[in-house]
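Data from final.cif: mmCIF, C-alpha atoms
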data_entry
#
loop_
_atom_site.group_PDB
_atom_site.id
_atom_site.type_symbol
_atom_site.label_atom_id
_atom_site.label_comp_id
_atom_site.auth_asym_id
_atom_site.auth_seq_id
_atom_site.Cartn_x
_atom_site.Cartn_y
_atom_site.Cartn_z
ATOM 1 C CA MET A 1 61.878 -26.667 82.681
ATOM 2 C CA SER A 2 62.308 -22.929 82.993
ATOM 3 C CA LEU A 3 59.690 -20.655 81.651
ATOM 4 C CA SER A 4 61.130 -17.461 80.257
ATOM 5 C CA LYS A 5 59.616 -14.631 78.339
ATOM 6 C CA PRO A 6 60.698 -14.426 74.724
ATOM 7 C CA GLN A 7 62.824 -11.365 74.113
ATOM 8 C CA SER A 8 61.110 -8.705 72.048
ATOM 9 C CA THR A 9 63.001 -7.147 69.194
ATOM 10 C CA SER A 10 63.258 -3.409 68.709
ATOM 11 C CA MET A 11 64.380 -1.283 65.807
ATOM 12 C CA LEU A 12 65.660 1.289 68.281
ATOM 13 C CA ALA A 13 69.306 0.306 68.040
ATOM 14 C CA THR A 14 70.899 -0.090 71.430
ATOM 15 C CA SER A 15 73.019 -2.574 73.300
ATOM 16 C CA ALA A 16 71.025 -2.116 76.483
ATOM 17 C CA ALA A 17 67.597 -0.613 77.075
ATOM 18 C CA ALA A 18 65.894 1.250 74.268
ATOM 19 C CA PRO A 19 66.885 4.928 74.377
ATOM 20 C CA SER A 20 64.242 7.415 75.366
ATOM 21 C CA LEU A 21 62.774 9.770 72.796
ATOM 22 C CA LEU A 22 64.252 12.673 74.767
ATOM 23 C CA ASN A 23 67.741 11.152 74.491
ATOM 24 C CA GLN A 24 67.449 10.729 70.731
ATOM 25 C CA VAL A 25 66.105 14.254 70.177
ATOM 26 C CA GLY A 26 68.696 15.734 72.556
ATOM 27 C CA MET A 27 71.609 14.030 70.789
ATOM 28 C CA ALA A 28 70.304 15.176 67.404
ATOM 29 C CA GLY A 29 69.902 18.756 68.638
ATOM 30 C CA GLY A 30 73.401 18.829 70.105
ATOM 31 C CA ALA A 31 74.912 17.566 66.848
ATOM 32 C CA ALA A 32 72.942 20.133 64.838
ATOM 33 C CA VAL A 33 73.860 23.163 66.999
ATOM 34 C CA ILE A 34 77.565 22.282 66.907
ATOM 35 C CA THR A 35 77.446 21.828 63.136
ATOM 36 C CA VAL A 36 75.601 25.052 62.282
ATOM 37 C CA SER A 37 78.137 27.109 64.242
ATOM 38 C CA PHE A 38 80.733 26.201 61.608
ATOM 39 C CA ILE A 39 78.504 26.035 58.512
ATOM 40 C CA HIS A 40 76.426 29.210 58.992
ATOM 41 C CA PRO A 41 78.552 31.498 56.736
ATOM 42 C CA ILE A 42 77.803 29.235 53.754
ATOM 43 C CA ASP A 43 74.087 29.563 54.525
ATOM 44 C CA VAL A 44 74.376 33.361 54.593
ATOM 45 C CA ILE A 45 76.129 33.364 51.193
ATOM 46 C CA LYS A 46 73.582 30.916 49.728
ATOM 47 C CA THR A 47 70.638 33.004 50.929
ATOM 48 C CA ARG A 48 72.061 36.254 49.507
ATOM 49 C CA ILE A 49 72.570 34.547 46.122
ATOM 50 C CA GLN A 50 68.991 33.239 46.110
ATOM 51 C CA ILE A 51 67.324 36.585 46.762
ATOM 52 C CA SER A 52 69.523 38.850 44.646
ATOM 53 C CA PRO A 53 70.530 38.594 40.955
ATOM 54 C CA GLU A 54 73.439 40.896 41.839
ATOM 55 C CA TYR A 55 74.872 38.389 44.293
ATOM 56 C CA SER A 56 74.004 35.540 41.925
ATOM 57 C CA LYS A 57 76.310 37.020 39.277
ATOM 58 C CA LEU A 58 79.142 37.325 41.801
ATOM 59 C CA GLY A 59 79.103 33.639 42.719
ATOM 60 C CA MET A 60 80.123 32.252 46.107
ATOM 61 C CA GLY A 61 83.570 33.840 46.316
ATOM 62 C CA GLY A 62 82.401 37.217 45.060
ATOM 63 C CA THR A 63 79.404 37.248 47.391
ATOM 64 C CA ALA A 64 81.567 36.370 50.395
ATOM 65 C CA GLY A 65 84.028 39.125 49.451
ATOM 66 C CA LYS A 66 81.270 41.725 49.040
ATOM 67 C CA ILE A 67 79.693 40.843 52.390
ATOM 68 C CA VAL A 68 83.029 41.030 54.205
ATOM 69 C CA SER A 69 84.098 44.291 52.520
ATOM 70 C CA SER A 70 80.739 45.976 53.108
ATOM 71 C CA ASP A 71 79.744 44.704 56.547
ATOM 72 C CA GLY A 72 82.789 42.946 58.012
ATOM 73 C CA VAL A 73 83.603 39.300 58.685
ATOM 74 C CA ALA A 74 81.030 39.097 61.493
ATOM 75 C CA ALA A 75 78.264 39.607 58.905
ATOM 76 C CA LEU A 76 78.875 36.043 57.738
ATOM 77 C CA TRP A 77 77.374 34.969 61.075
ATOM 78 C CA ASN A 78 74.300 37.220 60.842
ATOM 79 C CA GLY A 79 71.376 35.345 62.365
ATOM 80 C CA VAL A 80 73.461 32.567 63.908
ATOM 81 C CA ASN A 81 71.564 32.892 67.204
ATOM 82 C CA ALA A 82 68.304 32.283 65.342
ATOM 83 C CA ALA A 83 70.018 29.381 63.549
ATOM 84 C CA TRP A 84 70.931 27.818 66.912
ATOM 85 C CA LEU A 85 67.293 27.999 68.020
ATOM 86 C CA ARG A 86 66.151 26.582 64.687
ATOM 87 C CA GLU A 87 68.533 23.641 64.918
ATOM 88 C CA ALA A 88 67.597 22.989 68.547
ATOM 89 C CA SER A 89 63.939 22.694 67.505
ATOM 90 C CA TYR A 90 63.776 21.673 63.831
ATOM 91 C CA THR A 91 66.834 19.464 63.327
ATOM 92 C CA SER A 92 66.627 17.846 66.753
ATOM 93 C CA LEU A 93 63.188 16.520 65.813
ATOM 94 C CA ARG A 94 63.854 15.571 62.188
ATOM 95 C CA LEU A 95 66.959 13.573 63.148
ATOM 96 C CA GLY A 96 65.830 12.338 66.545
ATOM 97 C CA LEU A 97 62.408 11.154 65.371
ATOM 98 C CA TYR A 98 63.651 9.266 62.302
ATOM 99 C CA GLU A 99 64.218 5.948 64.044
ATOM 100 C CA PRO A 100 60.920 5.986 66.004
ATOM 101 C CA CYS A 101 59.125 6.924 62.762
ATOM 102 C CA LYS A 102 60.738 3.944 61.009
ATOM 103 C CA VAL A 103 59.202 1.670 63.616
ATOM 104 C CA ALA A 104 55.826 3.398 63.190
ATOM 105 C CA PHE A 105 55.986 2.757 59.437
ATOM 106 C CA GLY A 106 56.613 -0.950 59.979
ATOM 107 C CA CYS A 107 60.403 -1.175 59.592
ATOM 108 C CA THR A 108 60.818 -3.979 62.115
ATOM 109 C CA THR A 109 62.919 -6.437 60.084
ATOM 110 C CA PRO A 110 65.360 -6.110 57.167
ATOM 111 C CA GLU A 111 62.691 -7.614 54.900
ATOM 112 C CA THR A 112 60.099 -4.977 55.798
ATOM 113 C CA THR A 113 62.547 -2.052 55.775
ATOM 114 C CA THR A 114 62.189 -0.680 52.234
ATOM 115 C CA PHE A 115 63.532 2.548 50.731
ATOM 116 C CA ILE A 116 59.979 3.926 50.433
ATOM 117 C CA LYS A 117 59.340 3.344 54.140
ATOM 118 C CA LYS A 118 62.650 4.998 55.031
ATOM 119 C CA PHE A 119 61.704 7.989 52.883
ATOM 120 C CA ALA A 120 58.255 8.156 54.503
ATOM 121 C CA ALA A 121 59.784 8.012 58.000
ATOM 122 C CA GLY A 122 62.257 10.761 57.157
ATOM 123 C CA SER A 123 59.496 12.882 55.621
ATOM 124 C CA ALA A 124 57.251 12.528 58.662
ATOM 125 C CA ALA A 125 60.077 13.484 61.034
ATOM 126 C CA GLY A 126 60.958 16.428 58.790
ATOM 127 C CA ALA A 127 57.382 17.734 58.751
ATOM 128 C CA LEU A 128 57.117 17.620 62.557
ATOM 129 C CA GLY A 129 60.462 19.357 62.938
ATOM 130 C CA SER A 130 59.508 22.049 60.438
ATOM 131 C CA LEU A 131 56.339 22.936 62.333
ATOM 132 C CA ALA A 132 58.407 23.515 65.467
ATOM 133 C CA GLY A 133 61.255 25.380 63.792
ATOM 134 C CA ASN A 134 59.442 27.649 61.303
ATOM 135 C CA PRO A 135 59.408 30.802 63.497
ATOM 136 C CA PHE A 136 63.184 30.620 63.965
ATOM 137 C CA ASP A 137 63.626 29.888 60.261
ATOM 138 C CA VAL A 138 61.799 33.112 59.369
ATOM 139 C CA LEU A 139 63.885 35.145 61.830
ATOM 140 C CA LYS A 140 67.119 33.544 60.632
ATOM 141 C CA THR A 141 66.341 34.280 56.973
ATOM 142 C CA LYS A 142 65.513 37.923 57.666
ATOM 143 C CA MET A 143 68.649 38.427 59.754
ATOM 144 C CA MET A 144 70.906 36.748 57.170
ATOM 145 C CA THR A 145 69.679 39.045 54.402
ATOM 146 C CA ALA A 146 70.071 42.250 56.449
ATOM 147 C CA GLU A 147 72.844 44.463 55.129
ATOM 148 C CA GLY A 148 74.751 47.322 56.714
ATOM 149 C CA ALA A 149 76.366 47.912 60.070
ATOM 150 C CA GLY A 150 73.055 48.116 61.898
ATOM 151 C CA THR A 151 72.041 44.474 61.584
ATOM 152 C CA PRO A 152 69.014 44.012 63.881
ATOM 153 C CA SER A 153 69.190 41.704 66.868
ATOM 154 C CA LEU A 154 67.092 38.566 67.206
ATOM 155 C CA GLY A 155 64.752 40.293 69.657
ATOM 156 C CA LYS A 156 64.342 43.410 67.522
ATOM 157 C CA THR A 157 63.689 41.325 64.405
ATOM 158 C CA ALA A 158 61.040 39.303 66.250
ATOM 159 C CA VAL A 159 59.341 42.426 67.667
ATOM 160 C CA GLU A 160 59.252 44.127 64.267
ATOM 161 C CA LEU A 161 57.868 41.031 62.578
ATOM 162 C CA PHE A 162 55.146 40.630 65.219
ATOM 163 C CA LYS A 163 54.269 44.338 65.043
ATOM 164 C CA ASN A 164 53.806 44.264 61.265
ATOM 165 C CA GLN A 165 52.334 40.815 60.698
ATOM 166 C CA GLY A 166 51.269 39.390 64.019
ATOM 167 C CA ILE A 167 51.848 35.789 65.034
ATOM 168 C CA GLY A 168 51.162 34.697 61.460
ATOM 169 C CA GLY A 169 54.386 36.377 60.359
ATOM 170 C CA PHE A 170 56.383 33.725 62.201
ATOM 171 C CA TYR A 171 54.685 31.065 60.103
ATOM 172 C CA ARG A 172 55.226 32.803 56.787
ATOM 173 C CA GLY A 173 56.174 30.199 54.195
ATOM 174 C CA ILE A 174 55.033 27.327 56.417
ATOM 175 C CA ASP A 175 53.565 25.439 53.444
ATOM 176 C CA SER A 176 56.769 25.531 51.414
ATOM 177 C CA ASN A 177 58.870 24.940 54.516
ATOM 178 C CA VAL A 178 56.990 21.765 55.466
ATOM 179 C CA MET A 179 57.168 20.496 51.879
ATOM 180 C CA ARG A 180 60.888 21.300 51.769
ATOM 181 C CA ALA A 181 61.489 19.578 55.117
ATOM 182 C CA MET A 182 59.633 16.459 53.994
ATOM 183 C CA VAL A 183 61.592 16.207 50.742
ATOM 184 C CA LEU A 184 64.889 17.149 52.429
ATOM 185 C CA ASN A 185 64.667 14.788 55.382
ATOM 186 C CA GLY A 186 63.068 11.998 53.380
ATOM 187 C CA THR A 187 65.912 12.183 50.840
ATOM 188 C CA LYS A 188 68.596 12.684 53.480
ATOM 189 C CA MET A 189 67.711 9.855 55.836
ATOM 190 C CA ALA A 190 66.572 7.350 53.203
ATOM 191 C CA CYS A 191 69.636 7.901 50.990
ATOM 192 C CA TYR A 192 71.963 7.900 54.005
ATOM 193 C CA ASP A 193 70.417 4.728 55.410
ATOM 194 C CA GLN A 194 70.437 3.034 52.004
ATOM 195 C CA ALA A 195 73.958 4.222 51.136
ATOM 196 C CA LYS A 196 75.357 2.809 54.385
ATOM 197 C CA GLY A 197 74.232 -0.655 53.364
ATOM 198 C CA LEU A 198 75.795 -0.264 49.916
ATOM 199 C CA VAL A 199 79.076 1.126 51.299
ATOM 200 C CA VAL A 200 79.340 -1.779 53.750
ATOM 201 C CA GLN A 201 78.555 -4.261 50.976
ATOM 202 C CA VAL A 202 81.042 -2.797 48.458
ATOM 203 C CA THR A 203 83.941 -1.824 50.737
ATOM 204 C CA GLY A 204 83.627 -4.241 53.632
ATOM 205 C CA PHE A 205 83.776 -1.360 56.137
ATOM 206 C CA GLU A 206 81.839 -1.759 59.382
ATOM 207 C CA ARG A 207 78.487 -0.005 59.464
ATOM 208 C CA LYS A 208 79.632 2.137 62.399
ATOM 209 C CA SER A 209 82.923 3.088 60.687
ATOM 210 C CA LEU A 210 83.665 6.805 60.288
ATOM 211 C CA LEU A 211 84.449 6.205 56.601
ATOM 212 C CA THR A 212 81.071 4.512 56.101
ATOM 213 C CA THR A 213 79.319 7.490 57.684
ATOM 214 C CA PHE A 214 81.382 9.947 55.612
ATOM 215 C CA PHE A 215 80.746 8.367 52.193
ATOM 216 C CA SER A 216 77.066 7.780 52.973
ATOM 217 C CA ALA A 217 76.552 11.355 54.176
ATOM 218 C CA VAL A 218 78.258 12.888 51.116
ATOM 219 C CA THR A 219 76.050 10.763 48.855
ATOM 220 C CA ALA A 220 72.936 11.850 50.739
ATOM 221 C CA GLY A 221 74.043 15.498 50.537
ATOM 222 C CA PHE A 222 74.232 15.419 46.732
ATOM 223 C CA PHE A 223 70.788 13.887 46.256
ATOM 224 C CA MET A 224 69.355 16.273 48.860
ATOM 225 C CA THR A 225 70.591 19.234 46.819
ATOM 226 C CA CYS A 226 68.989 17.906 43.633
ATOM 227 C CA THR A 227 65.576 17.430 45.221
ATOM 228 C CA VAL A 228 65.508 20.310 47.697
ATOM 229 C CA ALA A 229 66.880 23.265 45.677
ATOM 230 C CA PRO A 230 63.486 24.293 44.165
ATOM 231 C CA PHE A 231 61.747 24.117 47.550
ATOM 232 C CA ASP A 232 64.606 26.035 49.141
ATOM 233 C CA MET A 233 64.275 28.825 46.573
ATOM 234 C CA VAL A 234 60.508 29.152 47.122
ATOM 235 C CA ARG A 235 60.897 29.075 50.899
ATOM 236 C CA THR A 236 63.605 31.752 50.869
ATOM 237 C CA ARG A 237 61.536 34.070 48.634
ATOM 238 C CA LEU A 238 58.426 33.662 50.803
ATOM 239 C CA MET A 239 60.258 34.230 54.077
ATOM 240 C CA ASN A 240 62.148 37.248 52.800
ATOM 241 C CA GLN A 241 59.116 39.218 51.605
ATOM 242 C CA PRO A 242 59.035 42.784 52.974
ATOM 243 C CA ALA A 243 57.220 43.069 56.298
ATOM 244 C CA ASP A 244 54.748 45.577 54.835
ATOM 245 C CA ALA A 245 54.155 43.842 51.494
ATOM 246 C CA LYS A 246 53.024 40.514 50.130
ATOM 247 C CA ILE A 247 54.606 39.682 46.777
ATOM 248 C CA TYR A 248 53.576 36.009 46.822
ATOM 249 C CA SER A 249 50.306 34.697 48.235
ATOM 250 C CA ASN A 250 51.498 31.122 48.814
ATOM 251 C CA ALA A 251 54.106 28.581 47.762
ATOM 252 C CA PHE A 252 52.343 27.675 44.501
ATOM 253 C CA ASP A 253 51.973 31.327 43.523
ATOM 254 C CA CYS A 254 55.642 31.928 44.312
ATOM 255 C CA ALA A 255 56.746 28.935 42.239
ATOM 256 C CA MET A 256 54.619 29.991 39.265
ATOM 257 C CA LYS A 257 55.948 33.569 39.349
ATOM 258 C CA ILE A 258 59.549 32.424 39.570
ATOM 259 C CA ALA A 259 59.080 30.002 36.658
ATOM 260 C CA SER A 260 57.240 32.494 34.422
ATOM 261 C CA GLN A 261 59.250 35.624 35.232
ATOM 262 C CA GLU A 262 62.750 34.232 35.737
ATOM 263 C CA GLY A 263 62.710 30.811 34.099
ATOM 264 C CA PRO A 264 62.627 27.256 35.538
ATOM 265 C CA LEU A 265 66.406 27.061 36.003
ATOM 266 C CA THR A 266 66.086 29.793 38.633
ATOM 267 C CA PHE A 267 64.881 27.080 41.023
ATOM 268 C CA TRP A 268 68.410 25.675 40.979
ATOM 269 C CA ARG A 269 70.131 29.045 41.345
ATOM 270 C CA GLY A 270 72.665 28.638 44.115
ATOM 271 C CA PHE A 271 72.957 24.870 43.516
ATOM 272 C CA PHE A 272 76.654 24.764 44.366
ATOM 273 C CA PRO A 273 76.311 26.937 47.492
ATOM 274 C CA ILE A 274 73.480 24.671 48.626
ATOM 275 C CA TRP A 275 75.557 21.556 47.928
ATOM 276 C CA SER A 276 78.620 23.080 49.578
ATOM 277 C CA ARG A 277 76.434 23.641 52.638
ATOM 278 C CA PHE A 278 74.572 20.316 52.568
ATOM 279 C CA ALA A 279 77.678 18.161 52.105
ATOM 280 C CA PRO A 280 79.607 19.353 55.197
ATOM 281 C CA THR A 281 76.427 19.948 57.202
ATOM 282 C CA THR A 282 75.087 16.461 56.564
ATOM 283 C CA THR A 283 78.486 14.874 57.165
ATOM 284 C CA LEU A 284 79.204 16.739 60.412
ATOM 285 C CA GLN A 285 75.673 16.303 61.756
ATOM 286 C CA LEU A 286 75.626 12.573 61.133
ATOM 287 C CA VAL A 287 79.207 11.947 62.281
ATOM 288 C CA ILE A 288 78.518 13.771 65.558
ATOM 289 C CA PHE A 289 75.078 12.175 65.929
ATOM 290 C CA GLU A 290 76.448 8.677 65.299
ATOM 291 C CA SER A 291 79.316 9.320 67.748
ATOM 292 C CA LEU A 292 76.849 10.400 70.436
ATOM 293 C CA ARG A 293 74.771 7.270 69.766
ATOM 294 C CA THR A 294 77.891 5.149 70.291
ATOM 295 C CA LEU A 295 78.615 6.930 73.586
ATOM 296 C CA MET A 296 75.054 6.142 74.660
ATOM 297 C CA GLY A 297 75.569 2.441 73.899
ATOM 298 C CA MET A 298 73.438 2.507 70.741
ATOM 299 C CA GLU A 299 74.230 0.918 67.411
ATOM 300 C CA SER A 300 74.686 2.868 64.189
ATOM 301 C CA LEU A 301 71.622 3.940 62.205
#
This structure in structure tokens:
Amino acid sequence: MSLSKPQSTSMLATSAAAPSLLNQVGMAGGAAVITVSFIHPIDVIKTRIQISPEYSKLGMGGTAGKIVSSDGVAALWNGVNAAWLREASYTSLRLGLYEPCKVAFGCTTPETTTFIKKFAAGSAAGALGSLAGNPFDVLKTKMMTAEGAGTPSLGKTAVELFKNQGIGGFYRGIDSNVMRAMVLNGTKMACYDQAKGLVVQVTGFERKSLLTTFFSAVTAGFFMTCTVAPFDMVRTRLMNQPADAKIYSNAFDCAMKIASQEGPLTFWRGFFPIWSRFAPTTTLQLVIFESLRTLMGMESL
């Protein structure tokens, strides 16, 4: 009679050995940096609309036209270098840590893997990523809203911010950013994970199919926009405060002032630009991430 060790099960999907944390984070970061290179102009347009009633009235097409006519086509990529750094830190963690966080929250069998636990795992990964990426988020926001031919470089923006506000300036809006990241990533990963099961069940597609990933990611992108838009508005306002002034003391104060002075619907100003960014961003990120997982011998999320 042969004595053999029982095989242990792991939620870290792989056909061989469990992938290292570094591999998962690295694949997520690579997918995010590639994606943001294409999607960044939509983010610039969305941010301009959020901070300016003038741009808000112009809509997406009008805002894009005004930016290009005033500052040139290159202005649509203002702050893309800061965006690359943000994605390499923030998104690499919030995507790469999702699966390990699922295990930490007890998702070890289909029976114990509930939507609430998926949301909690996504939220935890999002919060950790946000803490790492906040400085680059602040720099990116300031660079995207800069107008005129003399758009400051990443280094100059960082030096000016540090000179006026110290190290704390890089963590401006950290409270709203963490809350936004928790809601965003919790919604994104839980809805994506849940939608994949439904798509497979309804259509008969394989879980690793490109079509399954596409439909699931588009679904997640819509629900992300619904839940994240208010947090995104507050975060953008906080991060874009003048270097020598403090209009809002914290996220709650910012939210109250927006609601009382501009009306509650202001929180969803730029809904379609946000959705038009989230839908392709989520789809590209997850398609690339899932493809990299397949190359590494891992199963689909």
>> If the PyMOL selection byres ((chain A and resi 95) around 10) were run on this exact file, what residues would it hold? Put them as a PyMOL selection string.
In response: chain A and resi 24-29+31-32+90-94+96-99+122+125-126+129+185+188-189+285-286+289
> Quick one: residues within 8 Å of A:Phe278, only C-alpha atoms counted, chain neighbours fewer than 2 positions away excluded, as an MDAnalysis selection string?
Replying inline: chainID A and resid 221:222 224:225 274:276 280:282
> What do you get, as an MDAnalysis selection string, if you spell out every residue that the PyMOL selection byres ((chain A and resi 232-245) around 6) selects here?
Replying inline: chainID A and resid 138 142 172:173 176:177 228:231 246 267
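Taking atom CA of A:Gly59 and atom CA of A:Phe272 as the two end points, the separation is 9.4 Å.
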>> Set the distance at 10 Å and use all atoms listed in the file: which residues neighbour A:Pro41 once local chain neighbours fewer than 2 positions away are removed? I'd like the list as a PyMOL selection string.
In response: chain A and resi 36-39+43-47+64+73-80+144+277
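Residue neighbourhood of A:Ile49, excluding near-sequence residues (fewer than 4 positions): Asp43, Val44, Ile45, Pro53, Glu54, Tyr55, Ser56, Lys57, Leu58, Gly59, Met60, Thr63, Thr145, Arg269, Gly270 and Pro273 of chain A, at 10 Å, using only C-alpha atoms.
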>> I'd like to see the residues matched by the PyMOL selection byres ((chain A and resi 123) around 8) on this file, and ideally I'd get them as JSON, numbers by chain.
In response: {"A": [119, 120, 121, 122, 124, 125, 126, 127, 181, 182, 183, 184, 185, 186]}
> Can you tell me how far atom CA of A:Asp193 sits from atom CA of A:Gly297, in Å to one decimal?
Replying inline: 19.3 Å
I need stretch 139-159 of chain A written out with N, CA and C atoms, as a PDB file, in the first residue's frame; please produce it.
ATOM      1  N   LEU A 139      -0.362  63.854  -9.161  1.00  0.00           N
ATOM      2  CA  LEU A 139       0.442  64.456 -10.234  1.00  0.00           C
ATOM      3  C   LEU A 139      -0.269  64.330 -11.579  1.00  0.00           C
ATOM      4  N   LYS A 140      -0.867  63.183 -11.837  1.00  0.00           N
ATOM      5  CA  LYS A 140      -1.570  62.968 -13.097  1.00  0.00           C
ATOM      6  C   LYS A 140      -2.738  63.938 -13.243  1.00  0.00           C
ATOM      7  N   THR A 141      -3.515  64.106 -12.162  1.00  0.00           N
ATOM      8  CA  THR A 141      -4.674  64.995 -12.210  1.00  0.00           C
ATOM      9  C   THR A 141      -4.259  66.429 -12.477  1.00  0.00           C
ATOM     10  N   LYS A 142      -3.202  66.888 -11.813  1.00  0.00           N
ATOM     11  CA  LYS A 142      -2.739  68.258 -12.003  1.00  0.00           C
ATOM     12  C   LYS A 142      -2.212  68.471 -13.426  1.00  0.00           C
ATOM     13  N   MET A 143      -1.515  67.497 -13.963  1.00  0.00           N
ATOM     14  CA  MET A 143      -0.968  67.628 -15.306  1.00  0.00           C
ATOM     15  C   MET A 143      -2.064  67.566 -16.371  1.00  0.00           C
ATOM     16  N   MET A 144      -3.110  66.765 -16.132  1.00  0.00           N
ATOM     17  CA  MET A 144      -4.194  66.660 -17.106  1.00  0.00           C
ATOM     18  C   MET A 144      -5.012  67.938 -17.192  1.00  0.00           C
ATOM     19  N   THR A 145      -5.087  68.685 -16.083  1.00  0.00           N
ATOM     20  CA  THR A 145      -5.902  69.896 -16.075  1.00  0.00           C
ATOM     21  C   THR A 145      -5.115  71.134 -16.474  1.00  0.00           C
ATOM     22  N   ALA A 146      -3.802  70.998 -16.676  1.00  0.00           N
ATOM     23  CA  ALA A 146      -2.977  72.138 -17.090  1.00  0.00           C
ATOM     24  C   ALA A 146      -3.307  72.519 -18.528  1.00  0.00           C
ATOM     25  N   GLU A 147      -3.471  73.818 -18.747  1.00  0.00           N
ATOM     26  CA  GLU A 147      -3.803  74.304 -20.083  1.00  0.00           C
ATOM     27  C   GLU A 147      -2.692  75.212 -20.596  1.00  0.00           C
ATOM     28  N   GLY A 148      -2.607  75.333 -21.907  1.00  0.00           N
ATOM     29  CA  GLY A 148      -1.594  76.192 -22.507  1.00  0.00           C
ATOM     30  C   GLY A 148      -0.418  75.396 -23.018  1.00  0.00           C
ATOM     31  N   ALA A 149       0.420  76.069 -23.775  1.00  0.00           N
ATOM     32  CA  ALA A 149       1.566  75.399 -24.406  1.00  0.00           C
ATOM     33  C   ALA A 149       2.615  74.971 -23.395  1.00  0.00           C
ATOM     34  N   GLY A 150       2.678  75.676 -22.266  1.00  0.00           N
ATOM     35  CA  GLY A 150       3.721  75.380 -21.290  1.00  0.00           C
ATOM     36  C   GLY A 150       3.295  74.383 -20.237  1.00  0.00           C
ATOM     37  N   THR A 151       2.751  73.250 -20.651  1.00  0.00           N
ATOM     38  CA  THR A 151       2.347  72.219 -19.705  1.00  0.00           C
ATOM     39  C   THR A 151       3.568  71.724 -18.934  1.00  0.00           C
ATOM     40  N   PRO A 152       3.521  71.769 -17.588  1.00  0.00           N
ATOM     41  CA  PRO A 152       4.691  71.385 -16.797  1.00  0.00           C
ATOM     42  C   PRO A 152       5.021  69.905 -16.917  1.00  0.00           C
ATOM     43  N   SER A 153       6.286  69.586 -16.762  1.00  0.00           N
ATOM     44  CA  SER A 153       6.719  68.196 -16.803  1.00  0.00           C
ATOM     45  C   SER A 153       6.357  67.508 -15.494  1.00  0.00           C
ATOM     46  N   LEU A 154       6.518  66.185 -15.484  1.00  0.00           N
ATOM     47  CA  LEU A 154       6.245  65.417 -14.270  1.00  0.00           C
ATOM     48  C   LEU A 154       7.138  65.885 -13.125  1.00  0.00           C
ATOM     49  N   GLY A 155       8.436  66.054 -13.426  1.00  0.00           N
ATOM     50  CA  GLY A 155       9.373  66.484 -12.388  1.00  0.00           C
ATOM     51  C   GLY A 155       9.051  67.864 -11.859  1.00  0.00           C
ATOM     52  N   LYS A 156       8.745  68.800 -12.745  1.00  0.00           N
ATOM     53  CA  LYS A 156       8.436  70.167 -12.330  1.00  0.00           C
ATOM     54  C   LYS A 156       7.157  70.212 -11.502  1.00  0.00           C
ATOM     55  N   THR A 157       6.162  69.421 -11.912  1.00  0.00           N
ATOM     56  CA  THR A 157       4.903  69.365 -11.163  1.00  0.00           C
ATOM     57  C   THR A 157       5.139  68.820  -9.762  1.00  0.00           C
ATOM     58  N   ALA A 158       5.971  67.778  -9.659  1.00  0.00           N
ATOM     59  CA  ALA A 158       6.270  67.182  -8.356  1.00  0.00           C
ATOM     60  C   ALA A 158       7.030  68.156  -7.462  1.00  0.00           C
ATOM     61  N   VAL A 159       8.013  68.862  -8.039  1.00  0.00           N
ATOM     62  CA  VAL A 159       8.812  69.823  -7.257  1.00  0.00           C
ATOM     63  C   VAL A 159       7.940  70.963  -6.755  1.00  0.00           C
TER      64      VAL A 159
END
